[in-house]
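J.: Below is one structure. I have some questions about it.
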Amino acid sequence: MNIHEYQGKQILKSFGVRVQEGIVADTPEQAVEAAKKMKEDYNSDWVVVKAQIHAGGRGKGGGVKLAKNLDEVKQKATDIIGMQLVTPQTGPEGKKVNKVLVAQDVYYPGESETKEFYMSVLLDRATGRNIVMYSTEGGMDIEEVAEKTPHLIFKEEIDPKVGLQGFQARKIAFNLGLSGAAHKEMVKFVAALYKAYDSTDSSMFEINPVLKTSDDKILAVDAKVNLDENALYRHPDYAAMRDVTEEDPTEVEAGESNLNYVKLDGNVGCMVNGAGLAMATMDIIKLAGGEPANFLDVGGTANAETVKAGFNIILKDPNVKAILINIFGGIVRCDRVAQGVIDAYSEIGNIPVPIIVRLQGTNAEEAKKLIDESGLQVYSAILLKEAAELVTKVLKG
């Protein structure tokens with residue numbers, strides 16, 4: 001589960017990570033009040049107005065603006081709130097900005113130069129261990145750094161038996177070229193960041209940039225956090241941070257019906273029980289000359305209600321020209337699924353696209369007979385090859 005920058009910073013701060021302070025605002029008027037509070041609490045004459053969406057690259061899209069006075073704060077917030085922000089991570093359609101973070105200016109002049117670093121904590125799936133990935137090239141897209149200057153990216157692997165060790169945090173600070181007070185600050189920062197990642201059951205913490213201020217403080221200027229949804233039952237306070245307005249509405253609706261749904265760009269809707277079977281079904285659709293319009297796993301206990309909910313969700317996609325239902329009857333009996341298909345079809349009414357139903361397993365023959373005798377515009381199959389041939393047939397019209 002992704003969360004907003006301001007929420008990520010709240011989590012970091014609770015674990016002792018120093019962050020760029022800020023106040024979230026829903027309106028330009030609230031942004032002005034937030035800027036006044038930044039001046040009062042942190043003596044920040046300038047503030048940064050930052051769009052809050054679940055995507056990186058906001059600055060490049062015009063979603064991060066420096067404001068030097070209250071009039072500019074109001075104008076920048078007016079420009080950003082409500083805009084359709086397009087970044088490399090949103091796709092061409094962009095995302096609507098509903099709120100901004102009014103953050104303190106941390107690039108103030110001082111005894112030394114400010115420096116930006118990149119740092120993230122995540123799981124290395126190849127080794128099954130957490131790693132701290134970091135670079136001296138902060139503020140840039142890490143993909144660009146990896147492509148052009150891979151030698152500037154460092155990785156520190158954490159042994160799960162002992163966790164992050166002090167010498168590793170010191171090594172990270174040393175590799176970033178820090179010394180004196182900044183070195184000590186970075187060691188504390190790394191330790192607190194790793195504790196935050198580990199304790200929250202997160203799948204990623206990415207801080208870009210980590211800033212060394214002109215007075216040698218180390219703090220998080222940004223925070224991109226991804227929480228492991230499978231562990232949210234242990235963190236109800238973090239689960240409450242979910243912002244469904246940032247998610248695909250169809251995927252949200254599917255989740256409410258306990259369906260695993262991901263929208264794709266094709267023309268054949270899929271309804272399958274089991275993730276592995278869903279992947280195989282999408283492969284067979286492509287081999288048959290179609291393109292899958294979605295991934296939809298109704299789970300191992302498909303019934304009339306889940307089938308009906310699946311139909312409704314698939315039919316919201318105007319690109320769908322056919323629907324392939326592929327159910328393996330192991331836990332569930334195929335004839336019950338077939339009856340569910342018939343009931344759902346009758347309840348929804350006229351479904352404008354042909355439906356191919358392939359049922360295999362317990363009571364598959366009885367299920368085929370039910371569908372064949374239903375009088376509905378449903379094509380039945382038992383073998384996957386038959387289902388693929390029917391997909392080809394209906395797509396060609």
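Convention: chains lettered A, B, ... in structure tokens order; per-chain residue numbering from 1; ligands numbered from 1 as shown.
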Using only C-alpha atoms, determine which residues lie at most 7 Å from Leu359 of chain A, disregarding the query and same-chain residues fewer than 3 positions distant; provide the list as a PyMOL selection string.

T.: chain A and resi 326-328+334+364+381-382

J.: Okay, now the selection with C-alpha atoms, as a PDB file, in the first residue's frame?

T.:
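selection-v1.pdb, freshly written:
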ATOM      1  CA  ASN A 326     -11.831 -20.259 -16.619  1.00  0.00           C
ATOM      2  CA  ILE A 327     -12.583 -22.140 -13.393  1.00  0.00           C
ATOM      3  CA  PHE A 328     -10.855 -25.222 -12.038  1.00  0.00           C
ATOM      4  CA  CYS A 334     -18.106 -26.698 -11.404  1.00  0.00           C
ATOM      5  CA  ALA A 364     -17.358 -30.409 -15.151  1.00  0.00           C
ATOM      6  CA  ALA A 381     -15.726 -25.648 -23.061  1.00  0.00           C
ATOM      7  CA  ILE A 382     -13.950 -28.273 -20.990  1.00  0.00           C
TER       8      ILE A 382
END

J.: Output as a PyMOL selection string all residues of segment 296-340 of chain A that backbone DSSP marks as helix (DSSP H, G or I).

T.: chain A and resi 304-314+334-340

J.: I need the chosen residues saved as a CSV table (one decimal), in the first residue's frame, with all heavy atoms.

T.:
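Below you can see again.csv, which holds the result:
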chain,number,residue,atom,x,y,z
A,304,ALA,N,-22.2,-17.6,-7.0
A,304,ALA,CA,-23.0,-16.7,-7.9
A,304,ALA,C,-22.7,-15.2,-7.6
A,304,ALA,O,-22.6,-14.4,-8.5
A,304,ALA,CB,-24.5,-16.9,-7.6
A,305,GLU,N,-22.5,-14.8,-6.3
A,305,GLU,CA,-22.2,-13.4,-5.9
A,305,GLU,C,-20.9,-12.9,-6.4
A,305,GLU,O,-20.8,-11.8,-7.0
A,305,GLU,CB,-22.3,-13.3,-4.4
A,305,GLU,CG,-23.7,-13.3,-3.8
A,305,GLU,CD,-24.6,-12.2,-4.5
A,305,GLU,OE1,-24.2,-11.0,-4.5
A,305,GLU,OE2,-25.7,-12.6,-4.9
A,306,THR,N,-19.8,-13.8,-6.3
A,306,THR,CA,-18.5,-13.3,-6.8
A,306,THR,C,-18.5,-13.3,-8.3
A,306,THR,O,-17.9,-12.4,-8.9
A,306,THR,CB,-17.4,-14.3,-6.3
A,306,THR,OG1,-17.7,-15.6,-6.6
A,306,THR,CG2,-17.2,-14.1,-4.8
A,307,VAL,N,-19.2,-14.2,-8.9
A,307,VAL,CA,-19.2,-14.2,-10.4
A,307,VAL,C,-20.0,-13.0,-10.9
A,307,VAL,O,-19.5,-12.3,-11.8
A,307,VAL,CB,-20.0,-15.5,-10.9
A,307,VAL,CG1,-20.3,-15.4,-12.4
A,307,VAL,CG2,-19.1,-16.7,-10.7
A,308,LYS,N,-21.1,-12.6,-10.2
A,308,LYS,CA,-21.8,-11.4,-10.6
A,308,LYS,C,-21.0,-10.2,-10.4
A,308,LYS,O,-20.9,-9.3,-11.3
A,308,LYS,CB,-23.1,-11.3,-9.8
A,308,LYS,CG,-23.9,-10.1,-10.1
A,308,LYS,CD,-25.1,-10.0,-9.1
A,308,LYS,CE,-25.7,-8.6,-9.1
A,308,LYS,NZ,-26.7,-8.4,-8.1
A,309,ALA,N,-20.3,-10.1,-9.3
A,309,ALA,CA,-19.4,-8.9,-9.0
A,309,ALA,C,-18.3,-8.9,-10.1
A,309,ALA,O,-18.0,-7.8,-10.6
A,309,ALA,CB,-18.8,-9.0,-7.6
A,310,GLY,N,-17.7,-10.0,-10.4
A,310,GLY,CA,-16.7,-10.1,-11.5
A,310,GLY,C,-17.2,-9.6,-12.8
A,310,GLY,O,-16.6,-8.8,-13.5
A,311,PHE,N,-18.4,-10.0,-13.2
A,311,PHE,CA,-19.0,-9.6,-14.4
A,311,PHE,C,-19.2,-8.0,-14.5
A,311,PHE,O,-18.8,-7.4,-15.4
A,311,PHE,CB,-20.5,-10.2,-14.6
A,311,PHE,CG,-20.5,-11.5,-15.3
A,311,PHE,CD1,-21.2,-12.5,-14.9
A,311,PHE,CD2,-19.8,-11.6,-16.5
A,311,PHE,CE1,-21.3,-13.7,-15.6
A,311,PHE,CE2,-19.8,-12.8,-17.2
A,311,PHE,CZ,-20.6,-13.9,-16.7
A,312,ASN,N,-19.7,-7.5,-13.4
A,312,ASN,CA,-20.0,-6.1,-13.3
A,312,ASN,C,-18.7,-5.3,-13.5
A,312,ASN,O,-18.6,-4.2,-14.2
A,312,ASN,CB,-20.6,-5.7,-12.0
A,312,ASN,CG,-22.1,-6.0,-12.0
A,312,ASN,OD1,-22.8,-5.9,-13.0
A,312,ASN,ND2,-22.6,-6.5,-10.8
A,313,ILE,N,-17.6,-5.8,-12.9
A,313,ILE,CA,-16.3,-5.1,-12.9
A,313,ILE,C,-15.7,-5.1,-14.3
A,313,ILE,O,-15.3,-4.1,-14.9
A,313,ILE,CB,-15.4,-5.6,-11.8
A,313,ILE,CG1,-15.8,-5.1,-10.5
A,313,ILE,CG2,-13.9,-5.2,-12.1
A,313,ILE,CD1,-15.2,-5.9,-9.3
A,314,ILE,N,-15.7,-6.3,-14.9
A,314,ILE,CA,-15.2,-6.5,-16.3
A,314,ILE,C,-15.9,-5.6,-17.3
A,314,ILE,O,-15.3,-5.0,-18.2
A,314,ILE,CB,-15.2,-8.0,-16.7
A,314,ILE,CG1,-14.2,-8.8,-15.9
A,314,ILE,CG2,-14.9,-8.2,-18.2
A,314,ILE,CD1,-14.3,-10.3,-16.0
A,334,CYS,N,-17.9,-27.4,-10.1
A,334,CYS,CA,-18.1,-26.7,-11.4
A,334,CYS,C,-19.6,-26.4,-11.7
A,334,CYS,O,-19.9,-25.4,-12.2
A,334,CYS,CB,-17.5,-27.5,-12.6
A,334,CYS,SG,-15.7,-27.5,-12.6
A,335,ASP,N,-20.5,-27.4,-11.3
A,335,ASP,CA,-21.9,-27.1,-11.6
A,335,ASP,C,-22.4,-25.9,-10.8
A,335,ASP,O,-23.3,-25.2,-11.2
A,335,ASP,CB,-22.7,-28.4,-11.3
A,335,ASP,CG,-22.5,-29.0,-9.9
A,335,ASP,OD1,-21.4,-28.8,-9.4
A,335,ASP,OD2,-23.5,-29.6,-9.4
A,336,ARG,N,-21.9,-25.7,-9.6
A,336,ARG,CA,-22.3,-24.6,-8.8
A,336,ARG,C,-21.8,-23.3,-9.4
A,336,ARG,O,-22.5,-22.3,-9.4
A,336,ARG,CB,-21.7,-24.6,-7.4
A,336,ARG,CG,-22.4,-25.7,-6.5
A,336,ARG,CD,-22.0,-25.6,-5.1
A,336,ARG,NE,-22.7,-26.6,-4.2
A,336,ARG,CZ,-22.5,-26.8,-3.0
A,336,ARG,NH1,-21.5,-26.1,-2.4
A,336,ARG,NH2,-23.2,-27.6,-2.3
A,337,VAL,N,-20.6,-23.3,-10.0
A,337,VAL,CA,-20.1,-22.1,-10.7
A,337,VAL,C,-21.0,-21.8,-11.9
A,337,VAL,O,-21.3,-20.7,-12.2
A,337,VAL,CB,-18.6,-22.3,-11.1
A,337,VAL,CG1,-18.2,-21.1,-11.9
A,337,VAL,CG2,-17.8,-22.4,-9.8
A,338,ALA,N,-21.3,-22.9,-12.7
A,338,ALA,CA,-22.1,-22.8,-13.9
A,338,ALA,C,-23.5,-22.2,-13.5
A,338,ALA,O,-23.9,-21.3,-14.2
A,338,ALA,CB,-22.3,-24.1,-14.5
A,339,GLN,N,-24.1,-22.6,-12.4
A,339,GLN,CA,-25.3,-22.1,-12.0
A,339,GLN,C,-25.2,-20.6,-11.6
A,339,GLN,O,-26.0,-19.8,-11.9
A,339,GLN,CB,-25.9,-22.9,-10.8
A,339,GLN,CG,-27.4,-22.5,-10.5
A,339,GLN,CD,-28.3,-22.8,-11.7
A,339,GLN,OE1,-28.3,-23.9,-12.3
A,339,GLN,NE2,-29.0,-21.8,-12.1
A,340,GLY,N,-24.0,-20.3,-11.0
A,340,GLY,CA,-23.7,-18.9,-10.6
A,340,GLY,C,-23.6,-18.0,-11.9
A,340,GLY,O,-24.1,-16.9,-11.9

J.: Running DSSP on the backbone, which parts of segment 143-371 of chain A land in strand (DSSP E), as a PyMOL selection string?

T.: chain A and resi 153-157+202-212+218-220+224-227+260-263+268-272+294-297+322-329+355-361

J.: Could you pull the residues within 10 Å of Leu384 of chain A, counting only C-alpha atoms, minus those fewer than 3 positions along the same chain, as a VMD selection string?

T.: chain A and resid 280 to 281 284 326 358 to 360 381 387 to 390

J.: Keeping only C-alpha atoms, take the residues you just selected and write them out as a short mmCIF file (atom, residue, chain, number, x, y, z; two decimals), in the first residue's frame.

T.:
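Saved file selection-v3.cif follows:
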data_model
loop_
_atom_site.label_atom_id
_atom_site.label_comp_id
_atom_site.auth_asym_id
_atom_site.auth_seq_id
_atom_site.Cartn_x
_atom_site.Cartn_y
_atom_site.Cartn_z
CA ALA A 280 -1.98 -19.27 -17.86
CA THR A 281 -5.35 -17.96 -19.07
CA ILE A 284 -3.76 -18.67 -23.87
CA ASN A 326 -11.83 -20.26 -16.62
CA ARG A 358 -14.36 -23.27 -19.42
CA LEU A 359 -14.99 -25.42 -16.35
CA GLN A 360 -12.67 -28.29 -15.47
CA ALA A 381 -15.73 -25.65 -23.06
CA ALA A 387 -11.71 -22.22 -24.84
CA ALA A 388 -8.85 -20.66 -26.85
CA GLU A 389 -10.50 -21.65 -30.14
CA LEU A 390 -13.78 -20.11 -29.00
#

J.: Here is a test: counting only C-alpha atoms, which residue of A:Pro88, A:Gly110, A:Gly269, A:Pro28 is nearest to Lys76 of chain A?

T.: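 Closest to Lys76 of chain A of all the choices is A:Pro28.
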
J.: At what distance in Å, to one decimal, does atom CA of Asn43 of chain A lie from atom CA of Pro109 of chain A?

T.: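 About the pair atom CA of Pro109 of chain A and atom CA of Asn43 of chain A: they are 13.6 Å apart.
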
J.: Using only C-alpha atoms, pick whichever of A:Val24, A:Gly94, A:Gln84, A:Ser44 has the shortest atom-to-atom distance to Leu70 of chain A.

T.: A:Ser44

J.: Please report, as a tab-separated table, each residue of segment 9-32 of chain A lying at most 10 Å from segment 181-199 of chain A, together with the nearest pair of atoms and the separation in Å rounded to one decimal; use only C-alpha atoms, and order rows by chain and ascending residue number.

T.:
residue	atom	partner	partner_atom	distance
A:Ile11	CA	A:Ala196	CA	7.3
A:Leu12	CA	A:Ala196	CA	6.2
A:Lys13	CA	A:Ala196	CA	9.0
A:Ser14	CA	A:Ala196	CA	8.3
A:Phe15	CA	A:Ala196	CA	5.7
A:Gly16	CA	A:Ala192	CA	5.9
A:Val17	CA	A:Ala192	CA	5.6
A:Arg18	CA	A:Phe189	CA	7.3
A:Val19	CA	A:Phe189	CA	9.9

J.: Which residue is closest to Ile218 of chain A? Choose from A:Glu251, A:Glu116, A:Asp297, A:Glu256 and count only C-alpha atoms.

T.: A:Glu116

J.: Need the shell around Lys50 of chain A: protein/DNA/RNA residues with any atom at most 7 Å away, counting only C-alpha atoms. Skip same-chain ones fewer than 5 positions apart. Format as an mmCIF file with all heavy atoms, in the first residue's frame?

T.:
data_model
loop_
_atom_site.group_PDB
_atom_site.id
_atom_site.type_symbol
_atom_site.label_atom_id
_atom_site.label_comp_id
_atom_site.auth_asym_id
_atom_site.auth_seq_id
_atom_site.Cartn_x
_atom_site.Cartn_y
_atom_site.Cartn_z
ATOM 1 N N GLY A 63 4.727 20.045 -9.849
ATOM 2 C CA GLY A 63 3.998 19.823 -8.606
ATOM 3 C C GLY A 63 4.753 20.210 -7.352
ATOM 4 O O GLY A 63 4.263 19.996 -6.239
ATOM 5 N N VAL A 64 5.950 20.798 -7.487
ATOM 6 C CA VAL A 64 6.720 21.268 -6.329
ATOM 7 C C VAL A 64 7.205 22.681 -6.634
ATOM 8 O O VAL A 64 7.939 22.895 -7.599
ATOM 9 C CB VAL A 64 7.927 20.344 -6.029
ATOM 10 C CG1 VAL A 64 8.724 20.872 -4.846
ATOM 11 C CG2 VAL A 64 7.462 18.921 -5.766
ATOM 12 N N LYS A 65 6.774 23.650 -5.807
ATOM 13 C CA LYS A 65 7.095 25.051 -6.063
ATOM 14 C C LYS A 65 7.604 25.736 -4.795
ATOM 15 O O LYS A 65 7.071 25.518 -3.702
ATOM 16 C CB LYS A 65 5.852 25.805 -6.563
ATOM 17 C CG LYS A 65 5.265 25.262 -7.872
ATOM 18 C CD LYS A 65 6.113 25.633 -9.065
ATOM 19 C CE LYS A 65 5.445 25.224 -10.369
ATOM 20 N NZ LYS A 65 6.289 25.527 -11.533
ATOM 21 N N VAL A 100 -1.870 19.555 -0.744
ATOM 22 C CA VAL A 100 -0.443 19.904 -0.841
ATOM 23 C C VAL A 100 0.177 19.843 0.546
ATOM 24 O O VAL A 100 -0.508 19.953 1.563
ATOM 25 C CB VAL A 100 -0.228 21.317 -1.445
ATOM 26 C CG1 VAL A 100 -0.663 21.356 -2.896
ATOM 27 C CG2 VAL A 100 -0.941 22.391 -0.622
ATOM 28 N N LEU A 101 1.495 19.660 0.562
ATOM 29 C CA LEU A 101 2.268 19.754 1.793
ATOM 30 C C LEU A 101 3.034 21.068 1.754
ATOM 31 O O LEU A 101 3.778 21.328 0.801
ATOM 32 C CB LEU A 101 3.239 18.577 1.906
ATOM 33 C CG LEU A 101 4.145 18.555 3.143
ATOM 34 C CD1 LEU A 101 3.316 18.376 4.416
ATOM 35 C CD2 LEU A 101 5.187 17.448 3.040
ATOM 36 N N VAL A 102 2.828 21.894 2.768
ATOM 37 C CA VAL A 102 3.567 23.151 2.878
ATOM 38 C C VAL A 102 4.739 22.887 3.817
ATOM 39 O O VAL A 102 4.550 22.695 5.025
ATOM 40 C CB VAL A 102 2.672 24.284 3.408
ATOM 41 C CG1 VAL A 102 3.457 25.585 3.526
ATOM 42 C CG2 VAL A 102 1.452 24.471 2.498
#

J.: Could you list, as a PyMOL selection string, every residue within 7 Å of Ile158 of chain A, counting only C-alpha atoms and ignoring same-chain residues fewer than 5 positions away?

T.: chain A and resi 129-131+163-164

J.: For the residues in the current selection, export all heavy atoms as a PDB file, in the first residue's frame.

T.:
ATOM      1  N   ARG A 129      17.350 -10.946   1.508  1.00  0.00           N
ATOM      2  CA  ARG A 129      17.789 -10.093   2.610  1.00  0.00           C
ATOM      3  C   ARG A 129      17.467  -8.635   2.340  1.00  0.00           C
ATOM      4  O   ARG A 129      17.416  -8.205   1.181  1.00  0.00           O
ATOM      5  CB  ARG A 129      19.299 -10.234   2.826  1.00  0.00           C
ATOM      6  CG  ARG A 129      19.721 -11.606   3.335  1.00  0.00           C
ATOM      7  CD  ARG A 129      21.190 -11.639   3.658  1.00  0.00           C
ATOM      8  NE  ARG A 129      21.559 -12.876   4.356  1.00  0.00           N
ATOM      9  CZ  ARG A 129      22.712 -13.055   4.973  1.00  0.00           C
ATOM     10  NH1 ARG A 129      23.617 -12.087   4.978  1.00  0.00           N
ATOM     11  NH2 ARG A 129      22.978 -14.193   5.584  1.00  0.00           N
ATOM     12  N   ASN A 130      17.259  -7.876   3.395  1.00  0.00           N
ATOM     13  CA  ASN A 130      17.064  -6.436   3.239  1.00  0.00           C
ATOM     14  C   ASN A 130      18.390  -5.778   2.877  1.00  0.00           C
ATOM     15  O   ASN A 130      19.457  -6.236   3.294  1.00  0.00           O
ATOM     16  CB  ASN A 130      16.534  -5.815   4.539  1.00  0.00           C
ATOM     17  CG  ASN A 130      15.127  -6.279   4.856  1.00  0.00           C
ATOM     18  OD1 ASN A 130      14.327  -6.506   3.956  1.00  0.00           O
ATOM     19  ND2 ASN A 130      14.815  -6.410   6.140  1.00  0.00           N
ATOM     20  N   ILE A 131      18.296  -4.707   2.108  1.00  0.00           N
ATOM     21  CA  ILE A 131      19.499  -3.940   1.781  1.00  0.00           C
ATOM     22  C   ILE A 131      19.226  -2.453   1.971  1.00  0.00           C
ATOM     23  O   ILE A 131      18.090  -1.989   1.846  1.00  0.00           O
ATOM     24  CB  ILE A 131      19.981  -4.174   0.324  1.00  0.00           C
ATOM     25  CG1 ILE A 131      18.887  -3.799  -0.694  1.00  0.00           C
ATOM     26  CG2 ILE A 131      20.460  -5.585   0.119  1.00  0.00           C
ATOM     27  CD1 ILE A 131      19.375  -3.716  -2.123  1.00  0.00           C
ATOM     28  N   GLY A 163      20.458  -7.979  12.260  1.00  0.00           N
ATOM     29  CA  GLY A 163      19.977  -6.653  11.903  1.00  0.00           C
ATOM     30  C   GLY A 163      21.105  -5.718  11.492  1.00  0.00           C
ATOM     31  O   GLY A 163      22.264  -6.120  11.355  1.00  0.00           O
ATOM     32  N   LEU A 164      20.771  -4.464  11.302  1.00  0.00           N
ATOM     33  CA  LEU A 164      21.770  -3.454  10.915  1.00  0.00           C
ATOM     34  C   LEU A 164      22.777  -3.250  12.039  1.00  0.00           C
ATOM     35  O   LEU A 164      22.397  -2.987  13.181  1.00  0.00           O
ATOM     36  CB  LEU A 164      21.068  -2.130  10.585  1.00  0.00           C
ATOM     37  CG  LEU A 164      21.989  -0.976  10.195  1.00  0.00           C
ATOM     38  CD1 LEU A 164      22.505  -1.152   8.768  1.00  0.00           C
ATOM     39  CD2 LEU A 164      21.268   0.367  10.321  1.00  0.00           C
TER      40      LEU A 164
END

J.: Just give me the gap between atom CA of Gly299 of chain A and atom CA of Ile325 of chain A in Å, one decimal is fine.

T.: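 Going from atom CA of Gly299 of chain A over to atom CA of Ile325 of chain A, I get 12.7 Å.
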
J.: Measuring between only C-alpha atoms, which one of A:Met140, A:Trp46, A:Asp343, A:Leu296 shows the shortest distance to Leu370 of chain A?

T.: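 Looking at the shortest contact to Leu370 of chain A, the residue is A:Asp343.
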
J.: Rank A:Thr245, A:Ala254, A:Ile323, A:Tyr379 by their smallest atom-to-atom distance to Met282 of chain A, using only C-alpha atoms, and report the top residue only.

T.: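 Of the candidates, the smallest distance to Met282 of chain A is held by A:Ile323.
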
J.: Write out as a PyMOL selection string each polymer residue whose atoms come within 12 Å of Lys36 of chain A, counting only C-alpha atoms; drop sequence neighbours fewer than 6 positions from it.

T.: chain A and resi 22-23+29-30+42-47+68-71+73-74+102-104

J.: Please produce an output containing N, CA and C atoms for each residue in the selection, written as a PDB file, in the first residue's frame.

T.:
ATOM      1  N   GLY A  22       6.470  19.924   7.896  1.00  0.00           N
ATOM      2  CA  GLY A  22       5.474  20.485   6.998  1.00  0.00           C
ATOM      3  C   GLY A  22       4.070  20.257   7.512  1.00  0.00           C
ATOM      4  N   ILE A  23       3.114  20.952   6.908  1.00  0.00           N
ATOM      5  CA  ILE A  23       1.703  20.834   7.275  1.00  0.00           C
ATOM      6  C   ILE A  23       0.912  20.607   5.995  1.00  0.00           C
ATOM      7  N   GLU A  29      -6.208  28.602   1.155  1.00  0.00           N
ATOM      8  CA  GLU A  29      -6.306  29.334   2.420  1.00  0.00           C
ATOM      9  C   GLU A  29      -5.612  28.563   3.548  1.00  0.00           C
ATOM     10  N   GLN A  30      -5.823  27.240   3.560  1.00  0.00           N
ATOM     11  CA  GLN A  30      -5.130  26.407   4.552  1.00  0.00           C
ATOM     12  C   GLN A  30      -3.623  26.430   4.325  1.00  0.00           C
ATOM     13  N   TYR A  42       9.379  27.351  12.953  1.00  0.00           N
ATOM     14  CA  TYR A  42      10.713  26.990  12.439  1.00  0.00           C
ATOM     15  C   TYR A  42      11.452  28.169  11.814  1.00  0.00           C
ATOM     16  N   ASN A  43      10.874  29.363  11.957  1.00  0.00           N
ATOM     17  CA  ASN A  43      11.482  30.578  11.400  1.00  0.00           C
ATOM     18  C   ASN A  43      11.791  30.426   9.911  1.00  0.00           C
ATOM     19  N   SER A  44      10.878  29.757   9.200  1.00  0.00           N
ATOM     20  CA  SER A  44      11.065  29.505   7.767  1.00  0.00           C
ATOM     21  C   SER A  44      10.362  30.596   6.959  1.00  0.00           C
ATOM     22  N   ASP A  45      11.145  31.545   6.438  1.00  0.00           N
ATOM     23  CA  ASP A  45      10.557  32.642   5.656  1.00  0.00           C
ATOM     24  C   ASP A  45      10.017  32.135   4.324  1.00  0.00           C
ATOM     25  N   TRP A  46      10.739  31.212   3.709  1.00  0.00           N
ATOM     26  CA  TRP A  46      10.290  30.590   2.456  1.00  0.00           C
ATOM     27  C   TRP A  46       9.723  29.215   2.780  1.00  0.00           C
ATOM     28  N   VAL A  47       8.797  28.762   1.956  1.00  0.00           N
ATOM     29  CA  VAL A  47       8.268  27.406   2.113  1.00  0.00           C
ATOM     30  C   VAL A  47       8.217  26.731   0.748  1.00  0.00           C
ATOM     31  N   LYS A  68       8.098  32.412  -1.733  1.00  0.00           N
ATOM     32  CA  LYS A  68       8.940  33.293  -0.916  1.00  0.00           C
ATOM     33  C   LYS A  68       8.136  34.233  -0.018  1.00  0.00           C
ATOM     34  N   ASN A  69       6.829  34.270  -0.187  1.00  0.00           N
ATOM     35  CA  ASN A  69       5.965  35.074   0.680  1.00  0.00           C
ATOM     36  C   ASN A  69       4.552  34.488   0.659  1.00  0.00           C
ATOM     37  N   LEU A  70       3.666  35.030   1.486  1.00  0.00           N
ATOM     38  CA  LEU A  70       2.324  34.450   1.629  1.00  0.00           C
ATOM     39  C   LEU A  70       1.497  34.563   0.350  1.00  0.00           C
ATOM     40  N   ASP A  71       1.688  35.645  -0.406  1.00  0.00           N
ATOM     41  CA  ASP A  71       0.963  35.789  -1.677  1.00  0.00           C
ATOM     42  C   ASP A  71       1.372  34.675  -2.646  1.00  0.00           C
ATOM     43  N   VAL A  73       2.569  31.775  -1.740  1.00  0.00           N
ATOM     44  CA  VAL A  73       2.044  30.514  -1.200  1.00  0.00           C
ATOM     45  C   VAL A  73       0.632  30.287  -1.715  1.00  0.00           C
ATOM     46  N   LYS A  74      -0.198  31.327  -1.625  1.00  0.00           N
ATOM     47  CA  LYS A  74      -1.592  31.194  -2.067  1.00  0.00           C
ATOM     48  C   LYS A  74      -1.673  30.908  -3.558  1.00  0.00           C
ATOM     49  N   VAL A 102       2.828  21.894   2.768  1.00  0.00           N
ATOM     50  CA  VAL A 102       3.567  23.151   2.878  1.00  0.00           C
ATOM     51  C   VAL A 102       4.739  22.887   3.817  1.00  0.00           C
ATOM     52  N   ALA A 103       5.940  22.825   3.261  1.00  0.00           N
ATOM     53  CA  ALA A 103       7.106  22.354   4.011  1.00  0.00           C
ATOM     54  C   ALA A 103       8.114  23.472   4.236  1.00  0.00           C
ATOM     55  N   GLN A 104       8.864  23.352   5.320  1.00  0.00           N
ATOM     56  CA  GLN A 104       9.865  24.357   5.677  1.00  0.00           C
ATOM     57  C   GLN A 104      11.015  24.377   4.664  1.00  0.00           C
TER      58      GLN A 104
END

J.: For segment 230-242 of chain A, work out the shell of residues within 10 Å, counting only C-alpha atoms and skipping chain neighbours fewer than 4 positions away, then give it as number ranges by chain.

T.: A: 1-4, 7-8, 11, 200-202, 246-247
